[in-house]
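Visitor: For reference, this is run.pdb, and it has PDB, C-alpha atoms, pLDDT in the B column.
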ATOM      1  CA  GLN V   1     -17.331 -41.943 -17.573  1.00 92.00           C
ATOM      2  CA  VAL V   2     -16.662 -45.597 -16.851  1.00 94.00           C
ATOM      3  CA  GLN V   3     -16.049 -47.921 -19.748  1.00 95.00           C
ATOM      4  CA  LEU V   4     -15.137 -51.592 -19.910  1.00 97.00           C
ATOM      5  CA  VAL V   5     -14.431 -52.538 -23.503  1.00 97.00           C
ATOM      6  CA  GLU V   6     -14.041 -56.202 -24.419  1.00 97.00           C
ATOM      7  CA  SER V   7     -12.304 -57.490 -27.518  1.00 97.00           C
ATOM      8  CA  GLY V   8     -10.932 -60.739 -28.893  1.00 97.00           C
ATOM      9  CA  GLY V   9     -14.079 -62.773 -29.378  1.00 97.00           C
ATOM     10  CA  GLY V  10     -14.895 -64.636 -32.558  1.00 97.00           C
ATOM     11  CA  LEU V  11     -15.420 -68.001 -34.184  1.00 98.00           C
ATOM     12  CA  VAL V  12     -13.001 -70.812 -33.372  1.00 98.00           C
ATOM     13  CA  GLN V  13     -12.945 -74.552 -33.953  1.00 98.00           C
ATOM     14  CA  PRO V  14     -13.167 -76.995 -31.046  1.00 98.00           C
ATOM     15  CA  GLY V  15      -9.766 -77.380 -29.443  1.00 98.00           C
ATOM     16  CA  GLY V  16      -8.711 -73.912 -30.494  1.00 98.00           C
ATOM     17  CA  SER V  17      -7.755 -70.875 -28.438  1.00 98.00           C
ATOM     18  CA  LEU V  18      -8.849 -67.287 -28.036  1.00 98.00           C
ATOM     19  CA  ARG V  19      -7.627 -64.447 -25.867  1.00 98.00           C
ATOM     20  CA  LEU V  20     -10.150 -61.941 -24.603  1.00 98.00           C
ATOM     21  CA  SER V  21      -9.130 -58.487 -23.423  1.00 98.00           C
ATOM     22  CA  CYS V  22     -11.030 -55.930 -21.375  1.00 98.00           C
ATOM     23  CA  ALA V  23      -9.698 -52.391 -21.304  1.00 98.00           C
ATOM     24  CA  ALA V  24     -11.001 -50.227 -18.470  1.00 97.00           C
ATOM     25  CA  SER V  25     -11.260 -46.463 -18.235  1.00 94.00           C
ATOM     26  CA  GLY V  26     -12.816 -44.129 -15.721  1.00 92.00           C
ATOM     27  CA  ILE V  27     -12.101 -46.403 -12.741  1.00 90.00           C
ATOM     28  CA  ILE V  28      -9.217 -46.851 -10.331  1.00 91.00           C
ATOM     29  CA  PHE V  29      -8.329 -50.195 -11.844  1.00 93.00           C
ATOM     30  CA  SER V  30      -6.013 -51.393  -9.092  1.00 91.00           C
ATOM     31  CA  ILE V  31      -8.710 -51.361  -6.397  1.00 91.00           C
ATOM     32  CA  ASN V  32     -11.130 -53.448  -8.444  1.00 95.00           C
ATOM     33  CA  ASP V  33     -11.609 -57.166  -8.536  1.00 97.00           C
ATOM     34  CA  MET V  34     -12.075 -58.087 -12.185  1.00 98.00           C
ATOM     35  CA  GLY V  35     -14.118 -60.916 -13.597  1.00 98.00           C
ATOM     36  CA  TRP V  36     -15.250 -62.590 -16.775  1.00 98.00           C
ATOM     37  CA  TYR V  37     -18.825 -63.840 -16.985  1.00 98.00           C
ATOM     38  CA  ARG V  38     -20.636 -65.561 -19.811  1.00 98.00           C
ATOM     39  CA  GLN V  39     -24.199 -66.071 -20.892  1.00 98.00           C
ATOM     40  CA  ALA V  40     -25.337 -68.653 -23.381  1.00 97.00           C
ATOM     41  CA  PRO V  41     -28.756 -68.482 -25.071  1.00 92.00           C
ATOM     42  CA  GLY V  42     -31.489 -69.550 -22.676  1.00 94.00           C
ATOM     43  CA  LYS V  43     -29.110 -69.762 -19.734  1.00 96.00           C
ATOM     44  CA  GLU V  44     -28.271 -67.551 -16.796  1.00 97.00           C
ATOM     45  CA  ARG V  45     -25.122 -65.478 -16.704  1.00 97.00           C
ATOM     46  CA  GLU V  46     -22.337 -67.312 -14.867  1.00 98.00           C
ATOM     47  CA  LEU V  47     -18.974 -66.382 -13.460  1.00 98.00           C
ATOM     48  CA  VAL V  48     -16.175 -67.883 -15.529  1.00 98.00           C
ATOM     49  CA  ALA V  49     -13.112 -66.459 -13.791  1.00 98.00           C
ATOM     50  CA  ARG V  50     -12.221 -63.768 -11.285  1.00 98.00           C
ATOM     51  CA  ILE V  51      -8.972 -62.099 -10.324  1.00 98.00           C
ATOM     52  CA  THR V  52      -8.713 -60.012  -7.179  1.00 97.00           C
ATOM     53  CA  THR V  53      -6.701 -56.888  -6.479  1.00 96.00           C
ATOM     54  CA  ILE V  54      -3.876 -59.086  -5.174  1.00 96.00           C
ATOM     55  CA  ALA V  55      -4.074 -61.391  -8.230  1.00 95.00           C
ATOM     56  CA  SER V  56      -5.793 -64.253  -6.456  1.00 97.00           C
ATOM     57  CA  THR V  57      -7.806 -66.224  -9.011  1.00 98.00           C
ATOM     58  CA  HIS V  58     -10.973 -68.293  -9.036  1.00 98.00           C
ATOM     59  CA  TYR V  59     -12.399 -70.383 -11.890  1.00 98.00           C
ATOM     60  CA  LEU V  60     -15.610 -72.084 -12.855  1.00 98.00           C
ATOM     61  CA  ASP V  61     -15.029 -75.819 -12.467  1.00 98.00           C
ATOM     62  CA  SER V  62     -15.675 -76.536 -16.132  1.00 97.00           C
ATOM     63  CA  VAL V  63     -12.918 -74.155 -17.301  1.00 98.00           C
ATOM     64  CA  GLU V  64     -10.327 -74.918 -14.625  1.00 97.00           C
ATOM     65  CA  GLY V  65      -7.069 -75.918 -16.318  1.00 97.00           C
ATOM     66  CA  ARG V  66      -8.165 -74.558 -19.720  1.00 98.00           C
ATOM     67  CA  PHE V  67      -8.698 -70.839 -19.053  1.00 98.00           C
ATOM     68  CA  ILE V  68      -6.302 -68.372 -17.461  1.00 98.00           C
ATOM     69  CA  ILE V  69      -7.261 -64.936 -16.168  1.00 98.00           C
ATOM     70  CA  SER V  70      -4.633 -62.241 -15.717  1.00 98.00           C
ATOM     71  CA  ARG V  71      -4.436 -58.503 -15.229  1.00 98.00           C
ATOM     72  CA  ASP V  72      -2.080 -55.674 -16.106  1.00 97.00           C
ATOM     73  CA  ASN V  73      -2.706 -52.777 -13.745  1.00 96.00           C
ATOM     74  CA  ALA V  74      -0.435 -50.440 -15.708  1.00 96.00           C
ATOM     75  CA  LYS V  75      -2.542 -50.995 -18.840  1.00 97.00           C
ATOM     76  CA  LYS V  76      -5.821 -51.185 -16.899  1.00 97.00           C
ATOM     77  CA  THR V  77      -6.594 -54.379 -18.752  1.00 98.00           C
ATOM     78  CA  VAL V  78      -7.760 -57.848 -17.775  1.00 98.00           C
ATOM     79  CA  TYR V  79      -7.286 -60.867 -20.020  1.00 98.00           C
ATOM     80  CA  LEU V  80      -8.850 -64.280 -20.399  1.00 98.00           C
ATOM     81  CA  GLN V  81      -6.754 -66.828 -22.234  1.00 98.00           C
ATOM     82  CA  MET V  82      -9.049 -69.618 -23.357  1.00 98.00           C
ATOM     83  CA  ASN V  83      -7.510 -72.891 -24.517  1.00 98.00           C
ATOM     84  CA  SER V  84      -8.941 -76.247 -25.567  1.00 98.00           C
ATOM     85  CA  LEU V  85     -12.243 -74.566 -26.333  1.00 98.00           C
ATOM     86  CA  LYS V  86     -15.388 -76.666 -26.454  1.00 98.00           C
ATOM     87  CA  PRO V  87     -18.759 -76.037 -28.118  1.00 97.00           C
ATOM     88  CA  GLU V  88     -20.266 -75.596 -24.652  1.00 97.00           C
ATOM     89  CA  ASP V  89     -18.016 -72.559 -24.146  1.00 98.00           C
ATOM     90  CA  THR V  90     -20.080 -70.732 -26.765  1.00 98.00           C
ATOM     91  CA  ALA V  91     -21.582 -67.626 -25.165  1.00 98.00           C
ATOM     92  CA  VAL V  92     -21.395 -63.885 -24.886  1.00 98.00           C
ATOM     93  CA  TYR V  93     -18.524 -63.065 -22.538  1.00 98.00           C
ATOM     94  CA  TYR V  94     -18.778 -60.023 -20.295  1.00 98.00           C
ATOM     95  CA  CYS V  95     -16.136 -58.151 -18.343  1.00 98.00           C
ATOM     96  CA  ASN V  96     -17.012 -57.074 -14.807  1.00 98.00           C
ATOM     97  CA  SER V  97     -15.407 -54.860 -12.208  1.00 97.00           C
ATOM     98  CA  HIS V  98     -16.365 -54.377  -8.602  1.00 96.00           C
ATOM     99  CA  ASN V  99     -14.704 -52.974  -5.490  1.00 95.00           C
ATOM    100  CA  TYR V 100     -15.025 -52.500  -1.736  1.00 94.00           C
ATOM    101  CA  ARG V 101     -16.947 -49.239  -2.312  1.00 93.00           C
ATOM    102  CA  GLY V 102     -19.798 -51.243  -3.834  1.00 94.00           C
ATOM    103  CA  GLU V 103     -19.147 -49.909  -7.326  1.00 95.00           C
ATOM    104  CA  GLU V 104     -19.785 -52.405 -10.090  1.00 96.00           C
ATOM    105  CA  TYR V 105     -19.595 -52.081 -13.857  1.00 97.00           C
ATOM    106  CA  TRP V 106     -20.112 -54.266 -16.910  1.00 98.00           C
ATOM    107  CA  GLY V 107     -18.785 -54.297 -20.426  1.00 97.00           C
ATOM    108  CA  GLN V 108     -21.008 -54.679 -23.478  1.00 97.00           C
ATOM    109  CA  GLY V 109     -19.959 -58.260 -24.131  1.00 97.00           C
ATOM    110  CA  THR V 110     -18.118 -60.108 -26.862  1.00 98.00           C
ATOM    111  CA  GLN V 111     -19.388 -63.182 -28.684  1.00 98.00           C
ATOM    112  CA  VAL V 112     -17.392 -66.408 -28.554  1.00 98.00           C
ATOM    113  CA  THR V 113     -18.552 -69.208 -30.838  1.00 98.00           C
ATOM    114  CA  VAL V 114     -16.900 -72.624 -30.792  1.00 98.00           C
ATOM    115  CA  SER V 115     -17.966 -74.657 -33.789  1.00 97.00           C
ATOM    116  CA  SER V 116     -16.577 -76.760 -36.579  1.00 95.00           C
TER     117      SER V 116
END
Show how you would write the structure in this file as structure tokens.

Guide:
Amino acid sequence: QVQLVESGGGLVQPGGSLRLSCAASGIIFSINDMGWYRQAPGKERELVARITTIASTHYLDSVEGRFIISRDNAKKTVYLQMNSLKPEDTAVYYCNSHNYRGEEYWGQGTQVTVSS
């Protein structure tokens, strides 16, 4: 049974930081590209950051320089360090995995709210 379990969301003031974690089970973690997506109310889900199997990274323009994605293959976990948070970063953040076999999975999401 595949599970992607996110944690680390919450309420933070503008300018603050949060670190999201996504622990995977039931997949061969090392062969999966891992990503963080987000969806704000009334908006489409968008890719925030992706890290490939060889640790190459890609970021949404609006988070470049503020967010950092990383992975620990031994722990089967992907992280998203979010700094200098803005109200427009408020959304549900989802963990995603996909691989060359065409297998793709999603976590249940974790709420991030940036507000004073």

Visitor: Carefully work through the PyMOL selection byres ((chain V and resi 60-63) around 9) for this structure and note down the residues it includes, as an MDAnalysis selection string.

Guide: chainID V and resid 46:49 58:59 64:68 82 89

Visitor: Applying the PyMOL selection byres ((chain V and resi 78) around 6) to the file I just gave you, which residues come out? Please list them as a VMD selection string.

Guide: chain V and resid 21 to 22 70 to 71 77 79

Visitor: Which neighbours of Pro41 in chain V fall inside 9 Å, counting all atoms listed in the file, when residues of the same chain fewer than 2 positions from it are skipped, and could you give them as a PyMOL selection string?

Guide: chain V and resi 39+43-44+91-92

Visitor: Any chance you could resolve the PyMOL selection byres ((chain V and resi 2-13) around 6) against this file and give the residues as an mmCIF file with C-alpha atoms, in the coordinates of the input?

Guide:
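Saved to result-v1.cif:
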data_model
loop_
_atom_site.group_PDB
_atom_site.id
_atom_site.type_symbol
_atom_site.label_atom_id
_atom_site.label_comp_id
_atom_site.auth_asym_id
_atom_site.auth_seq_id
_atom_site.Cartn_x
_atom_site.Cartn_y
_atom_site.Cartn_z
ATOM 1 C CA GLN V 1 -17.331 -41.943 -17.573
ATOM 2 C CA PRO V 14 -13.167 -76.995 -31.046
ATOM 3 C CA GLY V 16 -8.711 -73.912 -30.494
ATOM 4 C CA ARG V 19 -7.627 -64.447 -25.867
ATOM 5 C CA LEU V 20 -10.150 -61.941 -24.603
ATOM 6 C CA SER V 21 -9.130 -58.487 -23.423
ATOM 7 C CA CYS V 22 -11.030 -55.930 -21.375
ATOM 8 C CA ALA V 23 -9.698 -52.391 -21.304
ATOM 9 C CA ALA V 24 -11.001 -50.227 -18.470
ATOM 10 C CA SER V 25 -11.260 -46.463 -18.235
ATOM 11 C CA GLY V 26 -12.816 -44.129 -15.721
ATOM 12 C CA GLY V 107 -18.785 -54.297 -20.426
ATOM 13 C CA THR V 110 -18.118 -60.108 -26.862
ATOM 14 C CA GLN V 111 -19.388 -63.182 -28.684
ATOM 15 C CA VAL V 112 -17.392 -66.408 -28.554
ATOM 16 C CA THR V 113 -18.552 -69.208 -30.838
ATOM 17 C CA VAL V 114 -16.900 -72.624 -30.792
ATOM 18 C CA SER V 115 -17.966 -74.657 -33.789
ATOM 19 C CA SER V 116 -16.577 -76.760 -36.579
#

Visitor: So how far away is CA of Asn96 in chain V from CA of Ile31 in chain V, in Å?

Guide: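 Separating CA of Ile31 in chain V from CA of Asn96 in chain V is a distance of 13.1 Å.
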
Visitor: What is the CA of Asn73 in chain V to CA of Phe29 in chain V distance in Å?

Guide: 6.5 Å

Visitor: In Å, with one decimal, what is the gap from CA of Leu80 in chain V to CA of Ile28 in chain V?

Guide: 20.1 Å

Visitor: As a short mmCIF file (atom, residue, chain, number, x, y, z; two decimals), keeping the file's coordinate frame, could you write out range 18-34 of chain V once it has been completed with N, CA, C and O atoms?

Guide:
data_model
loop_
_atom_site.label_atom_id
_atom_site.label_comp_id
_atom_site.auth_asym_id
_atom_site.auth_seq_id
_atom_site.Cartn_x
_atom_site.Cartn_y
_atom_site.Cartn_z
N LEU V 18 -8.57 -68.70 -27.86
CA LEU V 18 -8.85 -67.29 -28.04
C LEU V 18 -8.34 -66.56 -26.81
O LEU V 18 -8.31 -67.13 -25.71
N ARG V 19 -8.01 -65.30 -26.99
CA ARG V 19 -7.63 -64.45 -25.87
C ARG V 19 -8.53 -63.22 -25.85
O ARG V 19 -8.51 -62.43 -26.79
N LEU V 20 -9.30 -63.10 -24.78
CA LEU V 20 -10.15 -61.94 -24.60
C LEU V 20 -9.41 -60.87 -23.81
O LEU V 20 -8.62 -61.18 -22.92
N SER V 21 -9.69 -59.62 -24.16
CA SER V 21 -9.13 -58.49 -23.42
C SER V 21 -10.27 -57.58 -22.99
O SER V 21 -11.29 -57.47 -23.67
N CYS V 22 -10.07 -56.91 -21.87
CA CYS V 22 -11.03 -55.93 -21.38
C CYS V 22 -10.25 -54.72 -20.91
O CYS V 22 -9.52 -54.80 -19.91
N ALA V 23 -10.40 -53.63 -21.64
CA ALA V 23 -9.70 -52.39 -21.30
C ALA V 23 -10.64 -51.49 -20.51
O ALA V 23 -11.75 -51.20 -20.96
N ALA V 24 -10.18 -51.05 -19.35
CA ALA V 24 -11.00 -50.23 -18.47
C ALA V 24 -10.56 -48.77 -18.51
O ALA V 24 -9.37 -48.47 -18.66
N SER V 25 -11.54 -47.89 -18.37
CA SER V 25 -11.26 -46.46 -18.24
C SER V 25 -12.29 -45.86 -17.29
O SER V 25 -13.40 -46.39 -17.15
N GLY V 26 -11.89 -44.79 -16.62
CA GLY V 26 -12.82 -44.13 -15.72
C GLY V 26 -12.92 -44.75 -14.34
O GLY V 26 -13.76 -44.33 -13.54
N ILE V 27 -12.11 -45.79 -14.06
CA ILE V 27 -12.10 -46.40 -12.74
C ILE V 27 -10.67 -46.47 -12.23
O ILE V 27 -9.72 -46.41 -13.02
N ILE V 28 -10.54 -46.60 -10.90
CA ILE V 28 -9.22 -46.85 -10.33
C ILE V 28 -9.00 -48.35 -10.42
O ILE V 28 -9.44 -49.12 -9.57
N PHE V 29 -8.37 -48.78 -11.48
CA PHE V 29 -8.33 -50.20 -11.84
C PHE V 29 -7.77 -51.05 -10.72
O PHE V 29 -8.27 -52.14 -10.44
N SER V 30 -6.73 -50.57 -10.06
CA SER V 30 -6.01 -51.39 -9.09
C SER V 30 -6.83 -51.75 -7.86
O SER V 30 -6.48 -52.70 -7.15
N ILE V 31 -7.91 -51.05 -7.58
CA ILE V 31 -8.71 -51.36 -6.40
C ILE V 31 -9.91 -52.25 -6.74
O ILE V 31 -10.73 -52.55 -5.86
N ASN V 32 -9.99 -52.64 -8.00
CA ASN V 32 -11.13 -53.45 -8.44
C ASN V 32 -10.77 -54.91 -8.65
O ASN V 32 -9.76 -55.23 -9.28
N ASP V 33 -11.64 -55.78 -8.10
CA ASP V 33 -11.61 -57.17 -8.54
C ASP V 33 -12.20 -57.19 -9.95
O ASP V 33 -13.18 -56.49 -10.22
N MET V 34 -11.62 -58.00 -10.80
CA MET V 34 -12.08 -58.09 -12.18
C MET V 34 -12.54 -59.50 -12.49
O MET V 34 -11.94 -60.48 -12.02
#
